[in-house]
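*Asks:* Structure: structure30.cif, mmCIF, C-alpha atoms (C1' of nucleotides).
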data_target
loop_
_atom_site.label_atom_id
_atom_site.label_comp_id
_atom_site.auth_asym_id
_atom_site.auth_seq_id
_atom_site.Cartn_x
_atom_site.Cartn_y
_atom_site.Cartn_z
CA MET A 24 250.13 70.28 211.48
CA THR A 25 250.74 70.98 207.82
CA ASP A 26 250.12 68.44 205.12
CA ARG A 27 251.77 68.07 201.75
CA LEU A 28 250.18 66.14 198.89
CA THR A 29 251.90 65.26 195.63
CA LEU A 30 249.60 64.28 192.82
CA ALA A 31 250.42 63.10 189.30
CA THR A 32 248.43 62.47 186.14
CA TRP A 33 249.70 60.46 183.16
CA ASN A 34 248.14 59.11 179.99
CA ILE A 35 250.07 55.84 180.00
CA ASN A 36 248.88 54.32 176.68
CA SER A 37 248.62 50.73 178.01
CA VAL A 38 249.40 50.26 181.69
CA ARG A 39 250.53 46.65 181.25
CA LEU A 40 253.08 47.46 178.54
CA ARG A 41 254.28 50.48 180.47
CA MET A 42 254.77 49.00 183.97
CA PRO A 43 258.60 49.27 183.85
CA ILE A 44 258.47 53.04 183.38
CA VAL A 45 255.53 53.42 185.78
CA GLU A 46 257.67 51.75 188.45
CA LYS A 47 260.59 54.05 187.57
CA PHE A 48 258.28 57.06 187.88
CA LEU A 49 256.86 55.95 191.25
CA GLU A 50 260.36 55.35 192.58
CA GLU A 51 261.81 58.65 191.37
CA ILE A 52 258.89 61.00 191.99
CA ALA A 53 257.04 59.08 194.71
CA PRO A 54 253.73 60.95 194.37
CA ASP A 55 251.07 60.30 196.98
CA VAL A 56 248.57 59.57 194.24
CA LEU A 57 248.81 58.83 190.50
CA CYS A 58 245.92 59.13 188.04
CA LEU A 59 246.35 57.09 184.87
CA GLN A 60 244.43 57.28 181.60
CA GLU A 61 244.30 54.96 178.60
CA THR A 62 245.11 51.94 180.73
CA LYS A 63 243.70 49.76 177.88
CA CYS A 64 243.25 46.96 180.37
CA PRO A 65 240.25 44.89 181.48
CA ASP A 66 239.79 45.15 185.26
CA ALA A 67 240.60 41.45 185.76
CA ASN A 68 244.03 41.93 184.16
CA PHE A 69 245.08 45.11 185.98
CA PRO A 70 248.61 44.83 187.43
CA PHE A 71 247.53 45.26 191.08
CA ASN A 72 250.53 43.48 192.56
CA ALA A 73 253.14 45.65 190.89
CA PHE A 74 251.47 48.77 192.32
CA ARG A 75 251.14 47.24 195.79
CA LYS A 76 254.78 46.25 195.72
CA ALA A 77 255.66 49.86 194.88
CA GLY A 78 253.77 51.04 197.97
CA TYR A 79 250.49 51.98 196.31
CA GLU A 80 248.00 49.83 198.16
CA HIS A 81 244.88 51.83 197.40
CA ILE A 82 243.88 51.08 193.82
CA GLU A 83 240.65 52.04 192.09
CA ILE A 84 240.10 51.21 188.44
CA ASN A 85 237.54 51.74 185.71
CA GLY A 86 238.82 49.70 182.80
CA GLN A 87 237.51 48.06 179.68
CA LYS A 88 238.91 45.77 177.01
CA GLY A 89 241.10 47.35 174.36
CA TYR A 90 240.39 51.04 174.71
CA HIS A 91 240.23 53.92 177.17
CA GLY A 92 240.25 53.07 180.89
CA VAL A 93 241.33 55.08 183.94
CA ALA A 94 242.95 54.13 187.24
CA THR A 95 243.79 56.00 190.43
CA VAL A 96 246.51 54.48 192.61
CA SER A 97 247.41 55.93 195.98
CA ARG A 98 249.48 55.62 199.13
CA ARG A 99 246.59 57.18 201.04
CA PRO A 100 243.14 55.58 201.29
CA LEU A 101 240.58 56.35 198.60
CA ALA A 102 236.92 56.66 199.61
CA ASN A 103 233.49 57.25 198.06
CA VAL A 104 234.56 55.99 194.65
CA GLU A 105 232.36 56.99 191.75
CA LYS A 106 232.63 55.89 188.13
CA ARG A 107 230.42 57.93 185.86
CA GLY A 108 229.57 56.89 182.34
CA PHE A 109 229.25 59.86 180.01
CA CYS A 110 227.16 60.05 176.84
CA ASP A 111 225.69 56.55 177.42
CA MET A 112 228.54 55.04 175.42
CA GLY A 113 229.54 52.41 177.96
CA ASP A 114 233.09 53.87 177.94
CA SER A 115 235.42 53.85 180.95
CA ARG A 116 236.51 57.48 181.05
CA HIS A 117 236.02 58.72 184.60
CA LEU A 118 236.77 57.84 188.20
CA ALA A 119 236.36 60.03 191.27
CA ALA A 120 237.48 59.38 194.83
CA ASP A 121 238.08 61.22 198.10
CA ILE A 122 241.63 61.42 199.37
CA ALA A 123 242.65 62.99 202.67
CA PHE A 124 244.41 66.35 202.55
CA ASN A 125 245.10 68.32 205.71
CA GLY A 126 242.64 66.19 207.63
CA SER A 127 239.71 66.68 205.25
CA PRO A 128 238.51 64.85 202.14
CA LEU A 129 239.67 66.21 198.80
CA ARG A 130 237.54 65.14 195.82
CA LEU A 131 239.78 63.89 193.01
CA HIS A 132 238.36 63.45 189.50
CA ASN A 133 240.31 61.47 186.90
CA PHE A 134 239.09 62.01 183.30
CA TYR A 135 239.87 60.68 179.85
CA VAL A 136 237.99 62.89 177.39
CA PRO A 137 237.34 61.49 173.87
CA ALA A 138 239.99 62.43 171.31
CA GLY A 139 237.39 63.41 168.72
CA GLY A 140 238.64 61.84 165.48
CA ASP A 141 240.11 63.76 162.55
CA GLU A 142 237.42 66.03 161.07
CA PRO A 143 236.33 68.95 163.30
CA ASP A 144 232.74 68.71 162.07
CA ARG A 145 230.05 66.77 163.91
CA GLU A 146 227.94 66.46 160.75
CA ILE A 147 230.52 64.22 159.09
CA ASN A 148 232.45 62.94 162.13
CA PRO A 149 230.40 61.43 164.98
CA LYS A 150 233.53 61.19 167.16
CA PHE A 151 233.82 64.97 167.15
CA GLY A 152 230.16 65.22 168.13
CA HIS A 153 230.80 62.78 170.97
CA LYS A 154 233.66 64.95 172.23
CA LEU A 155 231.50 68.10 172.20
CA ASP A 156 228.65 66.23 173.93
CA PHE A 157 231.07 64.86 176.53
CA PHE A 158 232.19 68.38 177.48
CA ALA A 159 228.59 69.61 177.59
CA GLU A 160 227.64 66.76 179.94
CA MET A 161 230.79 67.34 182.01
CA LYS A 162 229.85 71.01 182.42
CA ASN A 163 226.32 70.25 183.58
CA TRP A 164 227.32 67.43 185.90
CA LEU A 165 230.16 69.41 187.50
CA GLN A 166 227.65 72.21 188.27
CA GLY A 167 226.78 69.98 191.22
CA THR A 168 230.32 70.34 192.60
CA GLU A 169 230.39 72.74 195.51
CA THR A 170 233.05 75.24 194.53
CA ASP A 171 233.97 75.99 198.14
CA LYS A 172 235.02 72.36 198.67
CA ALA A 173 238.52 71.04 198.04
CA ALA A 174 238.54 69.36 194.65
CA VAL A 175 241.00 68.55 191.88
CA LEU A 176 240.16 67.50 188.34
CA VAL A 177 242.96 65.94 186.32
CA GLY A 178 243.44 63.91 183.20
CA ASP A 179 243.83 63.79 179.47
CA LEU A 180 241.22 66.37 178.46
CA ASN A 181 242.35 66.21 174.82
CA VAL A 182 242.19 69.97 174.26
CA ALA A 183 245.15 72.37 174.12
CA PRO A 184 243.19 75.54 174.91
CA TYR A 185 245.65 78.43 174.59
CA GLU A 186 247.86 79.76 171.81
CA HIS A 187 251.07 78.57 173.47
CA ASP A 188 249.61 75.20 174.43
CA VAL A 189 250.51 74.10 170.88
CA TRP A 190 253.67 74.38 168.78
CA SER A 191 251.88 76.44 166.13
CA HIS A 192 248.57 78.13 166.86
CA LYS A 193 248.09 78.96 163.17
CA ALA A 194 248.90 75.46 161.89
CA LEU A 195 246.52 73.81 164.35
CA LEU A 196 243.44 76.01 164.07
CA LYS A 197 241.61 73.34 162.07
CA VAL A 198 243.15 70.38 163.86
CA VAL A 199 241.02 68.56 166.42
CA SER A 200 242.29 69.45 169.94
CA HIS A 201 242.90 73.13 169.13
CA THR A 202 239.88 74.30 167.08
CA PRO A 203 238.27 77.53 168.36
CA LEU A 204 235.03 75.63 169.07
CA GLU A 205 236.78 73.11 171.34
CA CYS A 206 238.90 75.77 173.03
CA GLU A 207 235.81 77.88 173.82
CA LEU A 208 233.85 74.90 175.11
CA PHE A 209 236.80 73.81 177.24
CA GLU A 210 237.05 77.28 178.80
CA ASP A 211 233.30 77.33 179.35
CA VAL A 212 233.46 74.06 181.31
CA ARG A 213 236.39 75.33 183.36
CA THR A 214 235.08 78.79 184.16
CA THR A 215 231.51 77.60 184.85
CA GLY A 216 232.93 75.29 187.51
CA LYS A 217 235.23 78.08 188.78
CA TRP A 218 238.22 75.77 188.29
CA ILE A 219 241.76 77.13 188.34
CA ASP A 220 244.15 76.03 185.56
CA ALA A 221 246.94 75.08 187.97
CA MET A 222 249.62 74.50 185.30
CA ARG A 223 249.21 78.01 183.89
CA ARG A 224 249.41 79.42 187.41
CA PHE A 225 253.12 78.57 187.26
CA THR A 226 253.89 78.97 183.55
CA PRO A 227 253.06 82.33 181.90
CA LEU A 228 250.63 82.27 178.96
CA ASP A 229 253.45 83.44 176.66
CA ASP A 230 255.60 80.39 177.41
CA LYS A 231 255.16 77.17 175.45
CA LEU A 232 253.83 74.32 177.60
CA TYR A 233 253.25 70.78 176.28
CA THR A 234 252.42 67.36 177.72
CA TRP A 235 252.14 65.32 174.50
CA TRP A 236 254.44 64.73 171.52
CA SER A 237 253.52 62.53 168.54
CA TYR A 238 255.16 59.14 168.09
CA ARG A 239 255.57 59.95 164.41
CA ALA A 240 258.28 62.55 164.68
CA LYS A 241 261.75 61.18 163.90
CA ASP A 242 263.12 63.18 166.82
CA TRP A 243 260.21 64.28 169.03
CA SER A 244 262.37 66.50 171.25
CA ALA A 245 264.20 68.29 168.43
CA ALA A 246 260.98 68.84 166.45
CA ASP A 247 259.18 69.75 169.70
CA LYS A 248 255.77 69.87 168.02
CA GLY A 249 253.87 69.33 171.23
CA ARG A 250 250.47 70.09 172.68
CA ARG A 251 249.19 70.57 176.24
CA LEU A 252 246.45 67.94 176.35
CA ASP A 253 246.79 66.94 180.01
CA HIS A 254 245.52 69.23 182.73
CA VAL A 255 245.26 69.89 186.45
CA TRP A 256 242.22 71.91 187.51
CA VAL A 257 241.86 72.99 191.12
CA SER A 258 238.84 74.30 193.02
CA GLN A 259 238.78 77.77 194.58
CA ALA A 260 239.03 76.21 198.02
CA LEU A 261 242.54 75.00 197.17
CA ASP A 262 243.68 78.36 195.80
CA GLY A 263 246.71 79.30 197.85
CA HIS A 264 247.55 75.66 198.51
CA ILE A 265 248.94 74.89 195.05
CA LYS A 266 252.69 75.02 195.53
CA GLY A 267 253.74 74.08 192.01
CA THR A 268 253.19 72.00 188.90
CA ARG A 269 255.60 70.57 186.38
CA VAL A 270 255.68 68.39 183.29
CA LEU A 271 258.16 65.52 183.55
CA ARG A 272 259.32 65.92 179.96
CA ASP A 273 262.16 63.45 180.55
CA ALA A 274 259.64 60.61 180.78
CA ARG A 275 258.73 61.12 177.10
CA GLY A 276 262.28 59.97 176.33
CA TRP A 277 262.32 56.90 178.59
CA GLU A 278 262.43 53.32 177.25
CA LYS A 279 259.22 52.41 175.39
CA PRO A 280 257.54 55.70 176.34
CA SER A 281 253.95 56.83 176.33
CA ASP A 282 253.36 59.71 173.91
CA HIS A 283 252.24 61.74 176.95
CA ALA A 284 254.48 62.97 179.76
CA PRO A 285 253.32 62.98 183.40
CA VAL A 286 252.15 66.19 185.04
CA ILE A 287 252.98 66.60 188.73
CA ALA A 288 251.26 68.97 191.16
CA VAL A 289 252.18 69.69 194.78
CA PHE A 290 249.72 70.96 197.41
CA GLU A 291 250.51 72.24 200.87
CA ALA A 292 248.14 73.00 203.69
"C1'" DA B 2 255.97 65.92 157.27
"C1'" DT B 3 249.27 66.43 161.48
"C1'" DG B 4 251.55 61.66 160.40
"C1'" DG B 5 256.54 59.47 158.81
"C1'" DC B 6 254.29 55.52 164.62
"C1'" DG B 7 252.41 52.71 168.33
"C1'" DT B 8 248.81 49.69 170.79
"C1'" DA B 9 245.00 46.05 171.28
"C1'" DT B 10 242.92 42.37 169.30
"C1'" DG B 11 243.97 38.01 167.71
"C1'" DG B 12 246.84 35.32 165.40
"C1'" DA B 13 246.44 39.18 159.67
"C1'" DA B 14 244.66 43.13 159.14
"C1'" DT B 15 241.99 46.59 161.14
"C1'" DA B 16 240.41 50.26 164.51
"C1'" DC B 17 242.02 53.91 167.04
"C1'" DG B 18 244.85 57.64 168.91
"C1'" DA B 19 245.87 63.16 168.35
#
Mind converting the file's structure to structure tokens?

*Replies:*
Amino acid sequence: MTDRLTLATWNINSVRLRMPIVEKFLEEIAPDVLCLQETKCPDANFPFNAFRKAGYEHIEINGQKGYHGVATVSRRPLANVEKRGFCDMGDSRHLAADIAFNGSPLRLHNFYVPAGGDEPDREINPKFGHKLDFFAEMKNWLQGTETDKAAVLVGDLNVAPYEHDVWSHKALLKVVSHTPLECELFEDVRTTGKWIDAMRRFTPLDDKLYTWWSYRAKDWSAADKGRRLDHVWVSQALDGHIKGTRVLRDARGWEKPSDHAPVIAVFEA
DNA sequence: ATGGCGTATGGAATACGA
């Protein structure tokens, strides 16, 4: 008996406004589970029925009014749901659940890390301080994760850590999301938890790899000034079971798009 | 040309994203 699990993560920038393209995505890609960030939707207003109609009957949400918010929707049951508040901000930025893979529970973390504002200096920009504190708390909390257990951590982590995760390493050195301080902290969180950067397993470090393109470009695809802000981290126990990852760049060009494209990962037992 | 736009709230103008 071999199992195959397809997982997707997508910063949707308002789930209610984006339901037409979410439905298109679920129909075309048909992942087993989809992790959404920036749902911007109070829990009472979440579009449950549209997901159920699309075959995603297992729905866990951690939403709030106006900002942030994450949701995990699945064709397989979700168990042991946990919603952790980071930095005592009252923000909805995390949701974890167990999903069955190859007959055992796989722990799936869905994160929306703070963007961090404009100035990369915590003395003058509290949002940047919040982002740094969030990663520090994430690192400590994830220490409790047993690295020999099957686990996946996905989401909009709001850092493009490597040189070719941005369109211009030089131009972005002082831009929040690619400052050396953030990149080092990001790598510290990842390596401390012994997580594997699944996307870079399949795309060499010398190749450009983006998941986000600004709304402000006249022609986002021609300009191609992207960043890799969305990530798929995999525990050591799943090493050897990651069959591939890809960015659905096409979705950035769909009708009324999110500024992020979905990332898809396939696992096989 | 890293903001030239887009979203939520609320019902205009502001906060926020990255």

*Asks:* Quick one: which residues from chain A are at most 6 Å off chain B, using all atoms listed in the file, as a PyMOL selection string?

*Replies:* chain A and resi 89+238-239

*Asks:* In Å, with one decimal, what is the gap from CA of Phe124 (chain A) to CA of Arg99 (chain A)?

*Replies:*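 Taking CA of Phe124 (chain A) and CA of Arg99 (chain A), their separation equals 9.5 Å.
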
*Asks:* Selected by the PyMOL selection byres ((chain A and resi 263-272) around 10) in the shown coordinates: which residues, as a PDB file with C-alpha atoms, in the coordinates of the input?

*Replies:*
ATOM      1  CA  ARG A  27     251.770  68.070 201.750  1.00  0.00           C
ATOM      2  CA  LEU A  28     250.180  66.140 198.890  1.00  0.00           C
ATOM      3  CA  THR A  29     251.900  65.260 195.630  1.00  0.00           C
ATOM      4  CA  LEU A  30     249.600  64.280 192.820  1.00  0.00           C
ATOM      5  CA  ALA A  31     250.420  63.100 189.300  1.00  0.00           C
ATOM      6  CA  THR A  32     248.430  62.470 186.140  1.00  0.00           C
ATOM      7  CA  TRP A  33     249.700  60.460 183.160  1.00  0.00           C
ATOM      8  CA  PHE A  48     258.280  57.060 187.880  1.00  0.00           C
ATOM      9  CA  ILE A  52     258.890  61.000 191.990  1.00  0.00           C
ATOM     10  CA  ALA A 221     246.940  75.080 187.970  1.00  0.00           C
ATOM     11  CA  MET A 222     249.620  74.500 185.300  1.00  0.00           C
ATOM     12  CA  ARG A 223     249.210  78.010 183.890  1.00  0.00           C
ATOM     13  CA  ARG A 224     249.410  79.420 187.410  1.00  0.00           C
ATOM     14  CA  PHE A 225     253.120  78.570 187.260  1.00  0.00           C
ATOM     15  CA  THR A 226     253.890  78.970 183.550  1.00  0.00           C
ATOM     16  CA  LEU A 232     253.830  74.320 177.600  1.00  0.00           C
ATOM     17  CA  TYR A 233     253.250  70.780 176.280  1.00  0.00           C
ATOM     18  CA  THR A 234     252.420  67.360 177.720  1.00  0.00           C
ATOM     19  CA  TRP A 235     252.140  65.320 174.500  1.00  0.00           C
ATOM     20  CA  TRP A 236     254.440  64.730 171.520  1.00  0.00           C
ATOM     21  CA  SER A 244     262.370  66.500 171.250  1.00  0.00           C
ATOM     22  CA  ARG A 251     249.190  70.570 176.240  1.00  0.00           C
ATOM     23  CA  ASP A 253     246.790  66.940 180.010  1.00  0.00           C
ATOM     24  CA  VAL A 255     245.260  69.890 186.450  1.00  0.00           C
ATOM     25  CA  VAL A 257     241.860  72.990 191.120  1.00  0.00           C
ATOM     26  CA  GLN A 259     238.780  77.770 194.580  1.00  0.00           C
ATOM     27  CA  ALA A 260     239.030  76.210 198.020  1.00  0.00           C
ATOM     28  CA  LEU A 261     242.540  75.000 197.170  1.00  0.00           C
ATOM     29  CA  ASP A 262     243.680  78.360 195.800  1.00  0.00           C
ATOM     30  CA  ASP A 273     262.160  63.450 180.550  1.00  0.00           C
ATOM     31  CA  ALA A 274     259.640  60.610 180.780  1.00  0.00           C
ATOM     32  CA  ARG A 275     258.730  61.120 177.100  1.00  0.00           C
ATOM     33  CA  GLY A 276     262.280  59.970 176.330  1.00  0.00           C
ATOM     34  CA  TRP A 277     262.320  56.900 178.590  1.00  0.00           C
ATOM     35  CA  HIS A 283     252.240  61.740 176.950  1.00  0.00           C
ATOM     36  CA  ALA A 284     254.480  62.970 179.760  1.00  0.00           C
ATOM     37  CA  PRO A 285     253.320  62.980 183.400  1.00  0.00           C
ATOM     38  CA  VAL A 286     252.150  66.190 185.040  1.00  0.00           C
ATOM     39  CA  ILE A 287     252.980  66.600 188.730  1.00  0.00           C
ATOM     40  CA  ALA A 288     251.260  68.970 191.160  1.00  0.00           C
ATOM     41  CA  VAL A 289     252.180  69.690 194.780  1.00  0.00           C
ATOM     42  CA  PHE A 290     249.720  70.960 197.410  1.00  0.00           C
ATOM     43  CA  GLU A 291     250.510  72.240 200.870  1.00  0.00           C
ATOM     44  CA  ALA A 292     248.140  73.000 203.690  1.00  0.00           C
TER      45      ALA A 292
END

*Asks:* For Ala159 (chain A), list every protein, DNA or RNA residue within 12 Å, evaluated using only C-alpha atoms (C1' of nucleotides), and leave out those in the same chain fewer than 5 positions away; present the list as JSON, numbers by chain.

*Replies:* {"A": [109, 110, 136, 152, 153, 154, 164, 165, 166, 205, 207, 208, 209, 210, 211, 212, 213, 215]}

*Asks:* Store the residues of this selection in a file with C-alpha atoms, as a short mmCIF file (atom, residue, chain, number, x, y, z; two decimals), in the frame of the given file.

*Replies:*
data_model
loop_
_atom_site.label_atom_id
_atom_site.label_comp_id
_atom_site.auth_asym_id
_atom_site.auth_seq_id
_atom_site.Cartn_x
_atom_site.Cartn_y
_atom_site.Cartn_z
CA PHE A 109 229.25 59.86 180.01
CA CYS A 110 227.16 60.05 176.84
CA VAL A 136 237.99 62.89 177.39
CA GLY A 152 230.16 65.22 168.13
CA HIS A 153 230.80 62.78 170.97
CA LYS A 154 233.66 64.95 172.23
CA TRP A 164 227.32 67.43 185.90
CA LEU A 165 230.16 69.41 187.50
CA GLN A 166 227.65 72.21 188.27
CA GLU A 205 236.78 73.11 171.34
CA GLU A 207 235.81 77.88 173.82
CA LEU A 208 233.85 74.90 175.11
CA PHE A 209 236.80 73.81 177.24
CA GLU A 210 237.05 77.28 178.80
CA ASP A 211 233.30 77.33 179.35
CA VAL A 212 233.46 74.06 181.31
CA ARG A 213 236.39 75.33 183.36
CA THR A 215 231.51 77.60 184.85
#

*Asks:* Rounded to one decimal place, report the CA of Val104 (chain A)-CA of Ala120 (chain A) distance in Å.

*Replies:*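 For CA of Val104 (chain A) relative to CA of Ala120 (chain A), the distance reads 4.5 Å.
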